[in-house]
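What follows is query31.tsv (TSV, C-alpha atoms and all ligand atoms).
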chain	number	residue	atom	x	y	z
P	123	MET	CA	0.00	0.00	0.00
P	124	ALA	CA	2.78	2.40	0.97
P	125	LYS	CA	4.60	1.50	-2.23
P	126	LYS	CA	1.50	2.21	-4.31
P	127	LEU	CA	1.13	5.61	-2.65
P	128	LEU	CA	4.77	6.37	-3.31
P	129	ASN	CA	4.33	5.50	-6.99
P	130	ILE	CA	1.32	7.79	-7.28
P	131	LEU	CA	3.28	10.54	-5.58
P	132	LYS	CA	6.16	10.02	-8.00
P	133	LEU	CA	3.77	10.23	-10.92
P	134	ILE	CA	2.27	13.46	-9.59
P	135	ILE	CA	5.69	15.02	-9.12
P	136	PHE	CA	6.67	13.94	-12.61
P	137	LEU	CA	3.54	15.48	-14.12
P	138	ILE	CA	3.99	18.76	-12.24
P	139	THR	CA	7.61	19.03	-13.38
P	140	PHE	CA	6.66	18.14	-16.93
P	141	PHE	CA	3.95	20.81	-17.14
P	142	TYR	CA	6.20	23.38	-15.49
P	143	PHE	CA	8.91	22.93	-18.13
P	144	TYR	CA	6.38	22.63	-20.92
P	145	GLN	CA	4.84	25.97	-19.98
P	146	LEU	CA	8.22	27.58	-19.50
P	147	PHE	CA	9.19	26.44	-22.99
P	148	SER	CA	6.00	27.71	-24.69
P	149	ALA	CA	6.11	30.99	-22.78
P	150	ARG	CA	9.70	31.47	-23.89
P	151	ASN	CA	8.71	30.95	-27.51
P	152	LEU	CA	5.87	33.44	-27.14
P	153	ASN	CA	8.09	36.07	-25.59
P	154	ILE	CA	10.67	35.66	-28.28
P	155	ALA	CA	8.00	36.34	-30.91
P	156	ALA	CA	7.75	39.85	-29.50
P	157	ASN	CA	11.37	40.68	-30.27
P	158	LEU	CA	12.01	41.35	-33.95
P	159	ASP	CA	15.80	41.09	-33.92
P	160	LEU	CA	15.69	37.71	-32.24
P	161	ILE	CA	12.98	36.42	-34.52
P	162	ILE	CA	14.45	37.44	-37.90
P	163	GLY	CA	17.95	36.35	-36.90
P	164	GLU	CA	21.02	37.72	-38.60
P	165	SER	CA	20.86	40.48	-41.22
P	166	SER	CA	22.94	40.54	-44.40
P	167	ASN	CA	26.50	41.60	-43.65
P	168	LEU	CA	27.42	42.02	-47.31
P	169	PRO	CA	28.95	45.43	-47.96
P	170	ALA	CA	26.19	47.88	-48.94
P	171	THR	CA	26.80	51.61	-49.15
P	172	TRP	CA	23.52	52.88	-50.57
P	173	VAL	CA	21.37	55.32	-48.61
P	174	GLY	CA	17.73	56.06	-49.48
P	175	ILE	CA	17.32	59.83	-49.55
P	176	LEU	CA	14.43	60.59	-51.93
P	177	ASP	CA	11.24	61.80	-50.26
P	178	VAL	CA	8.10	59.72	-50.82
P	179	ASP	CA	4.52	60.95	-50.66
P	180	LYS	CA	2.36	59.10	-48.13
P	181	ASN	CA	-0.22	58.30	-50.85
P	182	ILE	CA	2.22	56.46	-53.09
P	183	PRO	CA	0.59	53.29	-54.49
P	184	ILE	CA	2.24	50.23	-52.89
P	185	LEU	CA	2.16	46.72	-54.35
P	186	ILE	CA	3.08	43.69	-52.25
P	187	LEU	CA	4.15	40.57	-54.15
P	188	ALA	CA	4.76	37.12	-52.65
P	189	GLY	CA	8.11	35.73	-53.87
P	190	HIS	CA	7.91	32.57	-56.04
P	191	ALA	CA	4.10	32.78	-56.39
P	192	ASP	CA	4.49	32.06	-60.12
P	193	SER	CA	7.51	29.75	-60.07
P	194	GLN	CA	6.70	26.51	-58.30
P	195	GLY	CA	8.43	24.45	-61.01
P	196	LEU	CA	11.79	22.79	-60.53
P	197	ALA	CA	13.83	25.99	-60.63
P	198	GLY	CA	13.22	28.93	-58.33
P	199	ALA	CA	10.43	27.55	-56.15
P	200	GLY	CA	11.86	29.18	-53.03
P	201	THR	CA	13.42	27.59	-50.00
P	202	PRO	CA	11.81	24.48	-48.46
P	203	GLY	CA	13.13	25.78	-45.12
P	204	GLU	CA	15.19	24.12	-42.43
P	205	ALA	CA	12.31	22.14	-40.92
P	206	VAL	CA	11.56	20.28	-44.16
P	207	HIS	CA	14.98	20.15	-45.80
P	208	LYS	CA	17.17	19.48	-42.78
P	209	PHE	CA	14.84	17.88	-40.23
P	210	GLY	CA	12.51	16.06	-42.61
P	211	LEU	CA	9.25	17.57	-41.30
P	212	LYS	CA	6.20	17.67	-43.54
P	213	PRO	CA	5.88	20.72	-45.82
P	214	MET	CA	3.15	23.19	-44.79
P	215	ASP	CA	1.41	22.51	-48.13
P	216	PRO	CA	2.64	19.69	-50.40
P	217	GLU	CA	1.77	21.71	-53.52
P	218	ILE	CA	4.09	24.65	-52.83
P	219	SER	CA	7.40	25.44	-51.12
P	220	ASP	CA	7.27	26.42	-47.46
P	221	GLU	CA	8.73	29.77	-48.43
P	222	LEU	CA	5.80	30.54	-50.72
P	223	PHE	CA	3.37	29.32	-48.04
P	224	TRP	CA	4.73	31.93	-45.61
P	225	ASN	CA	5.20	34.60	-48.29
P	226	LEU	CA	1.47	34.37	-49.08
P	227	LYS	CA	0.42	34.47	-45.42
P	228	LEU	CA	2.60	37.50	-44.75
P	229	GLN	CA	1.51	39.25	-47.96
P	230	GLU	CA	-2.12	39.05	-46.86
P	231	SER	CA	-1.34	40.30	-43.37
P	232	ILE	CA	0.76	43.26	-44.63
P	233	VAL	CA	-1.99	44.47	-46.99
P	234	GLN	CA	-4.72	44.06	-44.38
P	235	LEU	CA	-2.79	46.03	-41.78
P	236	GLY	CA	-1.58	48.63	-44.30
P	237	LYS	CA	-5.15	49.39	-45.37
P	238	LYS	CA	-6.13	49.80	-41.75
P	239	LYS	CA	-3.31	52.30	-41.31
P	240	GLY	CA	-4.46	54.31	-44.34
P	241	LEU	CA	-1.80	53.26	-46.85
P	242	ASN	CA	-2.61	53.06	-50.58
P	243	ILE	CA	-1.65	49.38	-50.63
P	244	ARG	CA	-2.68	46.25	-52.53
P	245	SER	CA	-1.43	42.78	-53.40
P	246	TYR	CA	-1.18	40.76	-56.59
P	247	ASP	CA	-1.26	36.99	-56.81
P	248	PRO	CA	-0.86	35.38	-60.25
P	249	GLU	CA	-2.62	32.27	-58.83
P	250	ILE	CA	-1.14	30.18	-61.64
P	251	ARG	CA	1.69	28.59	-59.67
P	252	ASN	CA	4.07	27.98	-62.54
P	253	ILE	CA	4.61	30.40	-65.40
P	254	ASP	CA	7.74	29.49	-67.34
P	255	ASP	CA	8.27	32.81	-69.12
P	256	ALA	CA	9.27	35.56	-66.66
P	257	ASN	CA	7.98	38.13	-69.17
P	258	ASP	CA	4.50	36.62	-69.39
P	259	PRO	CA	2.17	39.54	-68.50
P	260	ARG	CA	0.71	37.57	-65.56
P	261	THR	CA	3.97	37.05	-63.62
P	262	ASN	CA	4.85	38.93	-60.42
P	263	TRP	CA	7.69	40.65	-62.23
P	264	SER	CA	5.61	41.82	-65.22
P	265	VAL	CA	2.86	43.21	-63.01
P	266	GLY	CA	5.38	44.70	-60.56
P	267	SER	CA	7.44	46.26	-63.33
P	268	LYS	CA	4.37	47.93	-64.86
P	269	PHE	CA	3.35	49.17	-61.42
P	270	ALA	CA	6.81	50.65	-60.77
P	271	LYS	CA	6.91	52.33	-64.19
P	272	ARG	CA	3.72	54.17	-63.30
P	273	GLY	CA	5.39	55.57	-60.18
P	274	GLY	CA	4.28	52.95	-57.66
P	275	TYR	CA	6.38	51.18	-55.04
P	276	ALA	CA	6.53	47.45	-55.84
P	277	ILE	CA	8.14	45.07	-53.38
P	278	GLU	CA	8.41	41.27	-53.38
P	279	ILE	CA	8.71	39.55	-50.01
P	280	HIS	CA	10.86	36.48	-49.42
P	281	PHE	CA	12.22	34.27	-46.69
P	282	ASP	CA	15.86	33.37	-47.22
P	283	ALA	CA	17.34	29.86	-47.32
P	284	TYR	CA	18.60	28.40	-44.03
P	285	GLY	CA	22.14	28.09	-42.75
P	286	LYS	CA	25.00	28.55	-45.18
P	287	TYR	CA	22.59	28.55	-48.14
P	288	GLY	CA	21.14	31.95	-47.22
P	289	VAL	CA	22.44	35.43	-46.46
P	290	GLY	CA	19.91	36.74	-43.96
P	291	ALA	CA	17.46	39.61	-43.66
P	292	GLY	CA	17.63	42.79	-45.68
P	293	LEU	CA	16.34	44.90	-48.55
P	294	ILE	CA	17.64	44.74	-52.13
P	295	PRO	CA	16.95	48.16	-53.65
P	296	PRO	CA	16.00	48.74	-57.30
P	297	PHE	CA	18.88	48.37	-59.74
P	298	SER	CA	18.86	51.62	-61.68
P	299	GLU	CA	16.62	53.87	-59.61
P	300	THR	CA	17.85	56.00	-56.69
P	301	PRO	CA	16.70	54.39	-53.42
P	302	ASN	CA	14.09	56.41	-51.53
P	303	LYS	CA	13.17	56.95	-47.90
P	304	ILE	CA	10.91	53.88	-47.76
P	305	ASP	CA	13.89	51.77	-48.87
P	306	GLU	CA	15.98	53.42	-46.18
P	307	SER	CA	13.34	52.88	-43.52
P	308	ILE	CA	12.90	49.18	-44.38
P	309	ALA	CA	16.69	48.69	-44.51
P	310	ARG	CA	17.06	50.20	-41.06
P	311	THR	CA	14.63	47.63	-39.68
P	312	PHE	CA	15.70	44.55	-41.66
P	313	GLY	CA	19.20	45.28	-43.00
P	314	ARG	CA	20.52	45.98	-46.49
P	315	PHE	CA	21.91	44.09	-49.45
P	316	PRO	CA	24.20	45.64	-52.06
P	317	VAL	CA	22.40	47.06	-55.14
P	318	SER	CA	24.17	44.62	-57.47
P	319	PHE	CA	23.51	41.52	-55.34
P	320	ARG	CA	24.05	38.46	-57.58
P	321	GLY	CA	24.61	40.71	-60.56
P	322	GLY	CA	21.26	42.44	-60.12
P	323	LEU	CA	18.42	39.92	-59.78
P	324	GLY	CA	15.42	39.78	-62.11
P	325	ALA	CA	13.14	41.75	-59.77
P	326	PRO	CA	15.48	44.69	-58.91
P	327	ARG	CA	16.32	45.01	-62.61
P	328	ARG	CA	12.61	45.65	-63.13
P	329	GLN	CA	12.69	48.23	-60.29
P	330	ILE	CA	10.91	45.84	-57.91
P	331	ARG	CA	12.39	45.81	-54.42
P	332	ILE	CA	13.14	42.49	-52.72
P	333	LEU	CA	12.74	42.13	-48.99
P	334	GLU	CA	14.34	39.12	-47.37
P	335	ILE	CA	12.52	38.81	-44.05
P	336	GLY	CA	15.04	36.40	-42.57
P	337	LYS	CA	16.31	32.86	-42.99
P	338	LEU	CA	13.57	30.23	-42.82
P	339	GLU	CA	15.17	28.44	-39.88
P	340	GLY	CA	15.48	28.38	-36.11
P	341	LEU	CA	13.23	30.55	-34.01
P	342	LEU	CA	11.59	32.32	-36.93
P	343	GLU	CA	10.48	29.07	-38.55
P	344	LYS	CA	9.56	27.48	-35.21
P	345	ASN	CA	7.38	30.45	-34.29
P	346	LEU	CA	5.71	30.38	-37.70
P	347	ARG	CA	5.04	26.63	-37.55
P	348	ASN	CA	3.83	26.62	-33.96
P	349	LEU	CA	0.06	27.19	-34.02
P	350	LYS	CA	0.27	29.03	-30.71
P	351	THR	CA	2.71	31.66	-32.01
P	352	ARG	CA	1.93	31.74	-35.76
P	353	ARG	CA	-0.55	34.61	-35.84
P	354	LYS	CA	1.50	36.70	-33.46
P	355	THR	CA	4.68	36.15	-35.47
P	356	ILE	CA	3.09	37.03	-38.82
P	357	LYS	CA	1.46	40.08	-37.24
P	358	LEU	CA	4.75	41.19	-35.73
P	359	LEU	CA	6.49	40.99	-39.12
P	360	ALA	CA	3.63	42.74	-40.95
P	361	ASN	CA	3.58	45.45	-38.33
P	362	GLU	CA	7.31	46.13	-38.68
P	363	ILE	CA	6.97	46.42	-42.47
P	364	ILE	CA	3.96	48.75	-42.28
P	365	GLN	CA	5.69	50.85	-39.64
P	366	ALA	CA	8.69	51.17	-41.97
P	367	PHE	CA	6.36	52.39	-44.77
P	368	LEU	CA	4.78	54.94	-42.44
P	369	ASN	CA	8.18	56.16	-41.21
P	370	GLY	CA	9.50	56.45	-44.77
P	371	THR	CA	6.73	58.62	-46.20
P	372	ILE	CA	5.68	62.22	-45.64
P	401	ZN	ZN	12.72	33.60	-52.09
Give the structure from this file in structure tokens form.
Ligand SMILES: [Zn+2]
Amino acid sequence: MAKKLLNILKLIIFLITFFYFYQLFSARNLNIAANLDLIIGESSNLPATWVGILDVDKNIPILILAGHADSQGLAGAGTPGEAVHKFGLKPMDPEISDELFWNLKLQESIVQLGKKKGLNIRSYDPEIRNIDDANDPRTNWSVGSKFAKRGGYAIEIHFDAYGKYGVGAGLIPPFSETPNKIDESIARTFGRFPVSFRGGLGAPRRQIRILEIGKLEGLLEKNLRNLKTRRKTIKLLANEIIQAFLNGTI
């Protein structure tokens, strides 16, 4: 009888300890989601000397594009992320890369919040997930390029590859246009890439900015995948981006 009681007591102590550590662990994850620098991880440390100095009117039309929304073929689908590629977890959606999954979620959240804050902001989604010709009028880049030519601010959001495959967070400014104060504001929050990164990528050459949010790994990816912290993490990122827009316009 005494032994049975002792076993029950042991079980109770075990359960209390287990729940204590479990809660400590989830609370820690939640708290970390409130700190941007911790969540996005390292920023690009490539040498970048550009400074955005051009003033921007607060009513400038803004277009948010989700990186890789039209390129889910073999090349250029975006990063599968650390969870899938390194740890073998299931992709968020078997039809698309994890990067696109999060790009789309964040795109929606940015536009929703931006509208609430009075920005002249919209999104574009080609919906066809694989368009081979980058110059097809329905691609991100064609729509973004047209938008930029008309004086709008077009930006494509991305999550970078994990570990040594990625660079980190930061903004790639347009290739042949002088960076403006929105570029500067976003770069101060996320970091900056050189203008000629990888010889000037397809998007910047079309005057579409690229924002790398951070590497899809570690805390950022964990907080996105965890259902308890997902909404808060996406909201935190969207809020930082919208705040950068508001700070960069007059
Ligand atoms: Zn990408």
Mind giving me the straight-line distance from CA of Ala283 (chain P) to CA of Thr201 (chain P) in Å, one decimal?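 According to the coordinates, CA of Ala283 (chain P) and CA of Thr201 (chain P) are separated by 5.3 Å.
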Pick the closest to ligand ZN 401 (chain P) from P:Ile218, P:Ala124, P:Ile332, P:Leu228: which is it, counting only C-alpha atoms and all ligand atoms? P:Ile332
Considering only C-alpha atoms and all ligand atoms, tabulate each residue of chain P that lies at most 8 Å from ligand ZN 401 (chain P) along with its nearest interatomic pair and the corresponding distance in Å to one decimal; arrange the rows by chain and ascending residue number and present them as JSON lines.
{"residue": "P:Gly189", "atom": "CA", "partner": "P:ZN401", "partner_atom": "ZN", "distance": 5.4}
{"residue": "P:His190", "atom": "CA", "partner": "P:ZN401", "partner_atom": "ZN", "distance": 6.3}
{"residue": "P:Gly198", "atom": "CA", "partner": "P:ZN401", "partner_atom": "ZN", "distance": 7.8}
{"residue": "P:Ala199", "atom": "CA", "partner": "P:ZN401", "partner_atom": "ZN", "distance": 7.6}
{"residue": "P:Gly200", "atom": "CA", "partner": "P:ZN401", "partner_atom": "ZN", "distance": 4.6}
{"residue": "P:Thr201", "atom": "CA", "partner": "P:ZN401", "partner_atom": "ZN", "distance": 6.4}
{"residue": "P:Glu221", "atom": "CA", "partner": "P:ZN401", "partner_atom": "ZN", "distance": 6.6}
{"residue": "P:Leu222", "atom": "CA", "partner": "P:ZN401", "partner_atom": "ZN", "distance": 7.7}
{"residue": "P:Ile279", "atom": "CA", "partner": "P:ZN401", "partner_atom": "ZN", "distance": 7.5}
{"residue": "P:His280", "atom": "CA", "partner": "P:ZN401", "partner_atom": "ZN", "distance": 4.3}
{"residue": "P:Phe281", "atom": "CA", "partner": "P:ZN401", "partner_atom": "ZN", "distance": 5.5}
{"residue": "P:Asp282", "atom": "CA", "partner": "P:ZN401", "partner_atom": "ZN", "distance": 5.8}
{"residue": "P:Ala283", "atom": "CA", "partner": "P:ZN401", "partner_atom": "ZN", "distance": 7.6}
{"residue": "P:Glu334", "atom": "CA", "partner": "P:ZN401", "partner_atom": "ZN", "distance": 7.4}
Create the file for the chosen residues now, containing C-alpha atoms and written as an mmCIF file, in the frame of the given file.
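out07.cif, written as the output of this step:
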data_model
loop_
_atom_site.group_PDB
_atom_site.id
_atom_site.type_symbol
_atom_site.label_atom_id
_atom_site.label_comp_id
_atom_site.auth_asym_id
_atom_site.auth_seq_id
_atom_site.Cartn_x
_atom_site.Cartn_y
_atom_site.Cartn_z
ATOM 1 C CA GLY P 189 8.110 35.730 -53.870
ATOM 2 C CA HIS P 190 7.910 32.570 -56.040
ATOM 3 C CA GLY P 198 13.220 28.930 -58.330
ATOM 4 C CA ALA P 199 10.430 27.550 -56.150
ATOM 5 C CA GLY P 200 11.860 29.180 -53.030
ATOM 6 C CA THR P 201 13.420 27.590 -50.000
ATOM 7 C CA GLU P 221 8.730 29.770 -48.430
ATOM 8 C CA LEU P 222 5.800 30.540 -50.720
ATOM 9 C CA ILE P 279 8.710 39.550 -50.010
ATOM 10 C CA HIS P 280 10.860 36.480 -49.420
ATOM 11 C CA PHE P 281 12.220 34.270 -46.690
ATOM 12 C CA ASP P 282 15.860 33.370 -47.220
ATOM 13 C CA ALA P 283 17.340 29.860 -47.320
ATOM 14 C CA GLU P 334 14.340 39.120 -47.370
#
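For the pair CA of Val178 (chain P) and CA of Leu368 (chain P), the separation is 10.2 Å.
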Return as a tab-separated table the residues of region 173-252 of chain P lying at most 9 Å from region 349-362 of chain P, together with the closest atom-to-atom pair for each and the distance in Å to one decimal, counting only C-alpha atoms, with rows in chain order and ascending residue number.
residue	atom	partner	partner_atom	distance
P:Trp224	CA	P:Ile356	CA	8.6
P:Lys227	CA	P:Ile356	CA	7.6
P:Leu228	CA	P:Ile356	CA	6.0
P:Gln229	CA	P:Ala360	CA	8.1
P:Ser231	CA	P:Ala360	CA	6.0
P:Ile232	CA	P:Ala360	CA	4.7
P:Val233	CA	P:Ala360	CA	8.4
P:Leu235	CA	P:Ala360	CA	7.3
P:Gly236	CA	P:Asn361	CA	8.5
Step by step, gather every atom of region 219-222 of chain P that the file lists, find the box along x, y and z that holds them, add 6 Å on each side, and finally give centre and edge lengths in Å to one decimal, as JSON.
{"center_x": 7.3, "center_y": 28.0, "center_z": -49.3, "size_x": 14.9, "size_y": 17.1, "size_z": 15.7}
What are the closest atom pairs, with distances in Å to one decimal, for each residue of region 243-355 of chain P lying within 10 Å of region 202-209 of chain P, using all atoms listed in the file, rows by chain and rising residue number, as CSV?
residue,atom,partner,partner_atom,distance
P:Phe281,CA,P:Gly203,CA,8.7
P:Asp282,CA,P:Gly203,CA,8.3
P:Ala283,CA,P:Gly203,CA,6.3
P:Tyr284,CA,P:Glu204,CA,5.7
P:Gly285,CA,P:Glu204,CA,8.0
P:Lys337,CA,P:Gly203,CA,8.0
P:Leu338,CA,P:Gly203,CA,5.0
P:Glu339,CA,P:Glu204,CA,5.0
P:Gly340,CA,P:Glu204,CA,7.6
P:Glu343,CA,P:Ala205,CA,7.5
P:Lys344,CA,P:Ala205,CA,8.3
P:Arg347,CA,P:Ala205,CA,9.2
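Pairwise distance (CA of Lys132 (chain P), CA of Tyr144 (chain P)) equals 18.1 Å.
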For Gly174 (chain P): contacts at 7 Å, only C-alpha atoms, fewer than 5 positions along chain excluded, given as an NGL selection string: :P and (301-303 or 305-306)
Which is closest to Pro295 (chain P) among P:Gly266, P:Gly313, P:Pro326, P:Gly273, if we use all atoms listed in the file?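 Smallest distance to Pro295 (chain P) is found for P:Pro326.
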Applying 9 Å and all atoms listed in the file, which residues near Ala325 (chain P) remain after dropping the ones on its own chain fewer than 6 positions away? List them as a ChimeraX atom specification. /P:262-263,266-267,277-278,296-297,331-332
N, CA and C atoms restored at region 169-191 of chain P, emitted as an mmCIF file, keeping the file's coordinate frame:
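Here's the written file rebuild.cif:
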data_model
loop_
_atom_site.group_PDB
_atom_site.id
_atom_site.type_symbol
_atom_site.label_atom_id
_atom_site.label_comp_id
_atom_site.auth_asym_id
_atom_site.auth_seq_id
_atom_site.Cartn_x
_atom_site.Cartn_y
_atom_site.Cartn_z
ATOM 1 N N PRO P 169 28.726 43.979 -47.934
ATOM 2 C CA PRO P 169 28.950 45.430 -47.960
ATOM 3 C C PRO P 169 27.909 46.149 -48.820
ATOM 4 N N ALA P 170 27.204 47.101 -48.201
ATOM 5 C CA ALA P 170 26.190 47.880 -48.940
ATOM 6 C C ALA P 170 26.339 49.334 -48.516
ATOM 7 N N THR P 171 26.511 50.206 -49.481
ATOM 8 C CA THR P 171 26.800 51.610 -49.150
ATOM 9 C C THR P 171 25.655 52.538 -49.512
ATOM 10 N N TRP P 172 24.600 52.001 -50.137
ATOM 11 C CA TRP P 172 23.520 52.880 -50.570
ATOM 12 C C TRP P 172 22.741 53.455 -49.384
ATOM 13 N N VAL P 173 22.227 54.663 -49.601
ATOM 14 C CA VAL P 173 21.370 55.320 -48.610
ATOM 15 C C VAL P 173 20.146 55.845 -49.358
ATOM 16 N N GLY P 174 18.953 55.580 -48.829
ATOM 17 C CA GLY P 174 17.730 56.060 -49.480
ATOM 18 C C GLY P 174 17.423 57.480 -49.024
ATOM 19 N N ILE P 175 17.484 58.426 -49.965
ATOM 20 C CA ILE P 175 17.320 59.830 -49.550
ATOM 21 C C ILE P 175 16.112 60.513 -50.205
ATOM 22 N N LEU P 176 15.542 59.917 -51.247
ATOM 23 C CA LEU P 176 14.430 60.590 -51.930
ATOM 24 C C LEU P 176 13.171 60.564 -51.070
ATOM 25 N N ASP P 177 12.509 61.724 -50.994
ATOM 26 C CA ASP P 177 11.240 61.800 -50.260
ATOM 27 C C ASP P 177 10.156 61.003 -50.984
ATOM 28 N N VAL P 178 9.226 60.449 -50.223
ATOM 29 C CA VAL P 178 8.100 59.720 -50.820
ATOM 30 C C VAL P 178 6.795 60.238 -50.225
ATOM 31 N N ASP P 179 5.827 60.498 -51.104
ATOM 32 C CA ASP P 179 4.520 60.950 -50.660
ATOM 33 C C ASP P 179 3.778 59.816 -49.953
ATOM 34 N N LYS P 180 3.030 60.148 -48.919
ATOM 35 C CA LYS P 180 2.360 59.100 -48.130
ATOM 36 C C LYS P 180 1.249 58.386 -48.914
ATOM 37 N N ASN P 181 0.816 58.973 -50.048
ATOM 38 C CA ASN P 181 -0.220 58.300 -50.850
ATOM 39 C C ASN P 181 0.334 57.461 -51.991
ATOM 40 N N ILE P 182 1.625 57.252 -51.999
ATOM 41 C CA ILE P 182 2.220 56.460 -53.090
ATOM 42 C C ILE P 182 1.552 55.083 -53.162
ATOM 43 N N PRO P 183 1.177 54.640 -54.384
ATOM 44 C CA PRO P 183 0.590 53.290 -54.490
ATOM 45 C C PRO P 183 1.659 52.239 -54.160
ATOM 46 N N ILE P 184 1.299 51.281 -53.314
ATOM 47 C CA ILE P 184 2.240 50.230 -52.890
ATOM 48 C C ILE P 184 1.690 48.875 -53.343
ATOM 49 N N LEU P 185 2.558 48.063 -53.923
ATOM 50 C CA LEU P 185 2.160 46.720 -54.350
ATOM 51 C C LEU P 185 3.026 45.687 -53.631
ATOM 52 N N ILE P 186 2.358 44.754 -52.952
ATOM 53 C CA ILE P 186 3.080 43.690 -52.250
ATOM 54 C C ILE P 186 2.962 42.387 -53.043
ATOM 55 N N LEU P 187 4.112 41.828 -53.408
ATOM 56 C CA LEU P 187 4.150 40.570 -54.150
ATOM 57 C C LEU P 187 4.733 39.479 -53.252
ATOM 58 N N ALA P 188 4.229 38.257 -53.416
ATOM 59 C CA ALA P 188 4.760 37.120 -52.650
ATOM 60 C C ALA P 188 5.786 36.410 -53.525
ATOM 61 N N GLY P 189 7.031 36.365 -53.091
ATOM 62 C CA GLY P 189 8.110 35.730 -53.870
ATOM 63 C C GLY P 189 7.778 34.298 -54.255
ATOM 64 N N HIS P 190 8.064 33.929 -55.502
ATOM 65 C CA HIS P 190 7.910 32.570 -56.040
ATOM 66 C C HIS P 190 6.450 32.156 -56.264
ATOM 67 N N ALA P 191 5.517 33.120 -56.222
ATOM 68 C CA ALA P 191 4.100 32.780 -56.390
ATOM 69 C C ALA P 191 3.808 32.233 -57.793
#
